[in-house]
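Visitor: One structure, as structure tokens, below. Some questions next.
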Amino acid sequence: MNRSPSILIVLLSILGVSCKPSGERQVVAPTATGDVLAVVGDERITAADFQKEMSRRSADDRAAGLEQMIRHKTALVQARAAGFDKEPEMVALVEQLIASRFLEARHAAGSRSEPVVSEEEINRFYQNHRDRFQKPESVRAGVIYLRSSARADVEKRGELRERATAILDQARGLDPDAFVMLVRQNSEDQATRYTGGDTGWMRPDDSLPARDAAVVEAAAALRNPGDMAPLLESADGFRIVRLTARQAAGVRPLDEVREAIRYELLQSARAARQNAFFEKLKEGVRIEINEPLLQNLALPDTPSLTKGPLPLPGN
């Protein structure tokens, strides 16, 4: 549960949003230092508190500003009187806020800069993990799609087949630009009609739902750009497939994966720094873990108030 540093003030705004003064006021005798503007129960509003509040306001309305602070203090006094500050959830929120502020302060005091990943580290990672950067053989194709209605009779289906066969014959031997024009004139796939029927890169083992398995298989069987597959017929129509590019299997070049490696190494450095920070923080602190209880404890269905260790500020 993420809460801002002013969580208590936000929660205690239940008294209303209007800041107009209301009710009776008592003039408070100043303290010896003369810095108390108001007293609400056991709470005091000092001149410094008031100045800080007014610095956040666009209008110079002293009465309204002080009234808002009085409302907050009144809500705080009443909440404590009702034991609201002792409720487990509220105690956990306050503890989390204290711990977070402590970590922020420690982080600021350390003035730790962002980790830096050198080119040498990137190269070493690339060489040691080349198996991770293997790229499979892939193909790219241009497809002309002719739609057939499920209610089309045998005669209509035959006419569409003849038309598709004629377009396939016309496509053979065309240069790439001429084939693109043929796609624009005939394909009924609006998503690719004006991009030459481009399928994008496809792997022979591609199982993405958006891929037509028959198109992938037909394109993968072709050897050279410009080769045409036999006419593909399915329940929804006909497809004419032309191979536009083939990419052999191999290792992705470093330039292609450099930024991905840099990001991974940067994340690892941040995690190592965070772990070291918390290990240092735990020095001198008595920590005991009831392992049997931990392993056998039933977990709730909903997330708990805090999930995992508190993050290191800036990470």
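Following the order of the structure tokens, chains are lettered A, B, ..., residues in each are numbered from 1, and ligands are numbered from 1.
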At a cut-off of 12 Å, using only C-alpha atoms, what residues contact A:Val40? Leave out same-chain residues fewer than 4 positions from it and give the result as JSON, numbers by chain.
Guide: {"A": [25, 26, 27, 28, 36, 44, 45, 46, 66, 67, 69, 70, 71, 72, 73, 74, 75, 76, 77, 78]}
Visitor: Stretch 13-208 of chain A: which residues are alpha helix (DSSP H) by DSSP, as a PyMOL selection string?
Guide: chain A and resi 47-55+62-81+88-110+119-128+154-171+176-186
Visitor: Once you have the residues from the selection above, write them out as a PDB file, in the first residue's frame, restricted to C-alpha atoms.
Guide:
ATOM      1  CA  ALA A  47       4.727  30.182  13.702  1.00  0.00           C
ATOM      2  CA  ALA A  48       7.120  27.947  11.751  1.00  0.00           C
ATOM      3  CA  ASP A  49       4.334  25.416  11.116  1.00  0.00           C
ATOM      4  CA  PHE A  50       2.059  28.197   9.905  1.00  0.00           C
ATOM      5  CA  GLN A  51       4.692  29.693   7.609  1.00  0.00           C
ATOM      6  CA  LYS A  52       5.332  26.292   6.052  1.00  0.00           C
ATOM      7  CA  GLU A  53       1.620  25.795   5.465  1.00  0.00           C
ATOM      8  CA  MET A  54       1.218  29.252   3.915  1.00  0.00           C
ATOM      9  CA  SER A  55       4.181  28.662   1.585  1.00  0.00           C
ATOM     10  CA  ARG A  62      -4.087  33.860   6.996  1.00  0.00           C
ATOM     11  CA  ALA A  63      -7.414  33.092   8.669  1.00  0.00           C
ATOM     12  CA  ALA A  64      -8.234  30.332   6.162  1.00  0.00           C
ATOM     13  CA  GLY A  65      -4.758  28.848   6.416  1.00  0.00           C
ATOM     14  CA  LEU A  66      -4.836  28.754  10.196  1.00  0.00           C
ATOM     15  CA  GLU A  67      -8.370  27.331  10.203  1.00  0.00           C
ATOM     16  CA  GLN A  68      -7.264  24.432   7.987  1.00  0.00           C
ATOM     17  CA  MET A  69      -4.392  23.665  10.374  1.00  0.00           C
ATOM     18  CA  ILE A  70      -6.750  23.830  13.348  1.00  0.00           C
ATOM     19  CA  ARG A  71      -9.075  21.335  11.649  1.00  0.00           C
ATOM     20  CA  HIS A  72      -6.211  18.926  11.054  1.00  0.00           C
ATOM     21  CA  LYS A  73      -5.017  19.226  14.634  1.00  0.00           C
ATOM     22  CA  THR A  74      -8.577  18.784  15.936  1.00  0.00           C
ATOM     23  CA  ALA A  75      -8.970  15.613  13.877  1.00  0.00           C
ATOM     24  CA  LEU A  76      -5.619  14.375  15.200  1.00  0.00           C
ATOM     25  CA  VAL A  77      -6.628  15.011  18.811  1.00  0.00           C
ATOM     26  CA  GLN A  78      -9.974  13.268  18.348  1.00  0.00           C
ATOM     27  CA  ALA A  79      -8.391  10.357  16.458  1.00  0.00           C
ATOM     28  CA  ARG A  80      -5.920   9.744  19.278  1.00  0.00           C
ATOM     29  CA  ALA A  81      -8.685  10.004  21.849  1.00  0.00           C
ATOM     30  CA  PRO A  88      -2.835  -2.215  13.548  1.00  0.00           C
ATOM     31  CA  GLU A  89      -3.187  -0.857  10.033  1.00  0.00           C
ATOM     32  CA  MET A  90      -2.383   2.694  11.112  1.00  0.00           C
ATOM     33  CA  VAL A  91       0.589   1.527  13.201  1.00  0.00           C
ATOM     34  CA  ALA A  92       1.914  -0.405  10.182  1.00  0.00           C
ATOM     35  CA  LEU A  93       1.529   2.672   7.960  1.00  0.00           C
ATOM     36  CA  VAL A  94       3.426   4.865  10.388  1.00  0.00           C
ATOM     37  CA  GLU A  95       6.175   2.263  10.774  1.00  0.00           C
ATOM     38  CA  GLN A  96       6.498   1.941   7.010  1.00  0.00           C
ATOM     39  CA  LEU A  97       6.711   5.727   6.652  1.00  0.00           C
ATOM     40  CA  ILE A  98       9.407   5.968   9.335  1.00  0.00           C
ATOM     41  CA  ALA A  99      11.453   3.178   7.739  1.00  0.00           C
ATOM     42  CA  SER A 100      11.109   4.717   4.263  1.00  0.00           C
ATOM     43  CA  ARG A 101      12.200   8.147   5.471  1.00  0.00           C
ATOM     44  CA  PHE A 102      15.143   6.568   7.287  1.00  0.00           C
ATOM     45  CA  LEU A 103      16.254   4.791   4.106  1.00  0.00           C
ATOM     46  CA  GLU A 104      15.914   8.014   2.104  1.00  0.00           C
ATOM     47  CA  ALA A 105      18.067   9.840   4.626  1.00  0.00           C
ATOM     48  CA  ARG A 106      20.713   7.123   4.609  1.00  0.00           C
ATOM     49  CA  HIS A 107      20.714   7.057   0.836  1.00  0.00           C
ATOM     50  CA  ALA A 108      21.087  10.843   0.610  1.00  0.00           C
ATOM     51  CA  ALA A 109      23.879  10.787   3.180  1.00  0.00           C
ATOM     52  CA  GLY A 110      25.746   8.196   1.129  1.00  0.00           C
ATOM     53  CA  GLU A 119      31.877  -1.297 -22.685  1.00  0.00           C
ATOM     54  CA  GLU A 120      34.318  -3.948 -21.489  1.00  0.00           C
ATOM     55  CA  GLU A 121      31.658  -5.455 -19.209  1.00  0.00           C
ATOM     56  CA  ILE A 122      29.168  -5.499 -22.074  1.00  0.00           C
ATOM     57  CA  ASN A 123      31.632  -7.240 -24.396  1.00  0.00           C
ATOM     58  CA  ARG A 124      32.541  -9.805 -21.757  1.00  0.00           C
ATOM     59  CA  PHE A 125      28.884 -10.577 -21.058  1.00  0.00           C
ATOM     60  CA  TYR A 126      28.197 -10.934 -24.786  1.00  0.00           C
ATOM     61  CA  GLN A 127      31.081 -13.367 -25.273  1.00  0.00           C
ATOM     62  CA  ASN A 128      30.175 -15.423 -22.197  1.00  0.00           C
ATOM     63  CA  VAL A 154     -19.255 -24.494 -55.674  1.00  0.00           C
ATOM     64  CA  GLU A 155     -19.505 -22.287 -58.735  1.00  0.00           C
ATOM     65  CA  LYS A 156     -18.545 -19.088 -56.913  1.00  0.00           C
ATOM     66  CA  ARG A 157     -15.724 -20.902 -55.176  1.00  0.00           C
ATOM     67  CA  GLY A 158     -14.464 -22.162 -58.511  1.00  0.00           C
ATOM     68  CA  GLU A 159     -14.530 -18.674 -60.007  1.00  0.00           C
ATOM     69  CA  LEU A 160     -12.508 -17.311 -57.085  1.00  0.00           C
ATOM     70  CA  ARG A 161      -9.995 -20.145 -57.453  1.00  0.00           C
ATOM     71  CA  GLU A 162      -9.544 -19.323 -61.143  1.00  0.00           C
ATOM     72  CA  ARG A 163      -8.990 -15.662 -60.310  1.00  0.00           C
ATOM     73  CA  ALA A 164      -6.439 -16.538 -57.605  1.00  0.00           C
ATOM     74  CA  THR A 165      -4.595 -18.852 -60.007  1.00  0.00           C
ATOM     75  CA  ALA A 166      -4.442 -16.082 -62.603  1.00  0.00           C
ATOM     76  CA  ILE A 167      -3.030 -13.612 -60.055  1.00  0.00           C
ATOM     77  CA  LEU A 168      -0.456 -16.213 -58.961  1.00  0.00           C
ATOM     78  CA  ASP A 169       0.671 -16.666 -62.557  1.00  0.00           C
ATOM     79  CA  GLN A 170       0.858 -12.888 -62.985  1.00  0.00           C
ATOM     80  CA  ALA A 171       2.979 -12.568 -59.826  1.00  0.00           C
ATOM     81  CA  PRO A 176       9.391  -6.301 -55.755  1.00  0.00           C
ATOM     82  CA  ASP A 177       7.785  -2.971 -56.638  1.00  0.00           C
ATOM     83  CA  ALA A 178       5.492  -4.554 -59.220  1.00  0.00           C
ATOM     84  CA  PHE A 179       4.460  -7.227 -56.718  1.00  0.00           C
ATOM     85  CA  VAL A 180       3.591  -4.533 -54.158  1.00  0.00           C
ATOM     86  CA  MET A 181       1.298  -2.919 -56.724  1.00  0.00           C
ATOM     87  CA  LEU A 182      -0.317  -6.302 -57.436  1.00  0.00           C
ATOM     88  CA  VAL A 183      -1.004  -6.731 -53.714  1.00  0.00           C
ATOM     89  CA  ARG A 184      -2.610  -3.287 -53.493  1.00  0.00           C
ATOM     90  CA  GLN A 185      -4.846  -4.056 -56.458  1.00  0.00           C
ATOM     91  CA  ASN A 186      -6.053  -7.465 -55.291  1.00  0.00           C
TER      92      ASN A 186
END
Visitor: Report as a PyMOL selection string: the residues of stretch 104-202 of chain A with a DSSP assignment of strand (DSSP E or B), based on the backbone of this structure.
Guide: chain A and resi 134-135+138-147+198+202
Visitor: What would the file look like if the residues just selected were written as a PDB file, in the first residue's frame with N, CA and C atoms?
Guide:
ATOM      1  N   GLN A 134      21.285 -16.327 -29.732  1.00  0.00           N
ATOM      2  CA  GLN A 134      21.068 -17.074 -30.967  1.00  0.00           C
ATOM      3  C   GLN A 134      19.768 -16.610 -31.619  1.00  0.00           C
ATOM      4  N   LYS A 135      19.786 -16.464 -32.911  1.00  0.00           N
ATOM      5  CA  LYS A 135      18.561 -16.142 -33.644  1.00  0.00           C
ATOM      6  C   LYS A 135      18.263 -17.294 -34.598  1.00  0.00           C
ATOM      7  N   SER A 138      14.702 -17.445 -40.081  1.00  0.00           N
ATOM      8  CA  SER A 138      13.406 -16.787 -40.221  1.00  0.00           C
ATOM      9  C   SER A 138      13.191 -16.337 -41.652  1.00  0.00           C
ATOM     10  N   VAL A 139      11.938 -16.183 -41.997  1.00  0.00           N
ATOM     11  CA  VAL A 139      11.577 -15.781 -43.364  1.00  0.00           C
ATOM     12  C   VAL A 139      10.573 -14.639 -43.307  1.00  0.00           C
ATOM     13  N   ARG A 140      10.486 -13.934 -44.416  1.00  0.00           N
ATOM     14  CA  ARG A 140       9.537 -12.838 -44.547  1.00  0.00           C
ATOM     15  C   ARG A 140       8.841 -12.995 -45.891  1.00  0.00           C
ATOM     16  N   ALA A 141       7.557 -12.706 -45.914  1.00  0.00           N
ATOM     17  CA  ALA A 141       6.808 -12.947 -47.147  1.00  0.00           C
ATOM     18  C   ALA A 141       5.822 -11.833 -47.430  1.00  0.00           C
ATOM     19  N   GLY A 142       5.387 -11.803 -48.688  1.00  0.00           N
ATOM     20  CA  GLY A 142       4.298 -10.934 -49.096  1.00  0.00           C
ATOM     21  C   GLY A 142       3.116 -11.815 -49.453  1.00  0.00           C
ATOM     22  N   VAL A 143       1.933 -11.456 -48.983  1.00  0.00           N
ATOM     23  CA  VAL A 143       0.759 -12.317 -49.174  1.00  0.00           C
ATOM     24  C   VAL A 143      -0.378 -11.531 -49.809  1.00  0.00           C
ATOM     25  N   ILE A 144      -0.989 -12.146 -50.816  1.00  0.00           N
ATOM     26  CA  ILE A 144      -2.217 -11.613 -51.412  1.00  0.00           C
ATOM     27  C   ILE A 144      -3.359 -12.502 -50.936  1.00  0.00           C
ATOM     28  N   TYR A 145      -4.323 -11.900 -50.282  1.00  0.00           N
ATOM     29  CA  TYR A 145      -5.437 -12.664 -49.705  1.00  0.00           C
ATOM     30  C   TYR A 145      -6.724 -12.363 -50.463  1.00  0.00           C
ATOM     31  N   LEU A 146      -7.386 -13.422 -50.899  1.00  0.00           N
ATOM     32  CA  LEU A 146      -8.679 -13.308 -51.564  1.00  0.00           C
ATOM     33  C   LEU A 146      -9.712 -13.997 -50.689  1.00  0.00           C
ATOM     34  N   ARG A 147     -10.658 -13.241 -50.173  1.00  0.00           N
ATOM     35  CA  ARG A 147     -11.626 -13.768 -49.218  1.00  0.00           C
ATOM     36  C   ARG A 147     -12.739 -14.538 -49.912  1.00  0.00           C
ATOM     37  N   ASP A 198       3.071  -7.580 -46.392  1.00  0.00           N
ATOM     38  CA  ASP A 198       4.206  -7.983 -45.554  1.00  0.00           C
ATOM     39  C   ASP A 198       3.769  -8.718 -44.300  1.00  0.00           C
ATOM     40  N   MET A 202       9.070 -14.259 -39.716  1.00  0.00           N
ATOM     41  CA  MET A 202       8.399 -15.445 -39.182  1.00  0.00           C
ATOM     42  C   MET A 202       9.415 -16.573 -39.035  1.00  0.00           C
TER      43      MET A 202
END
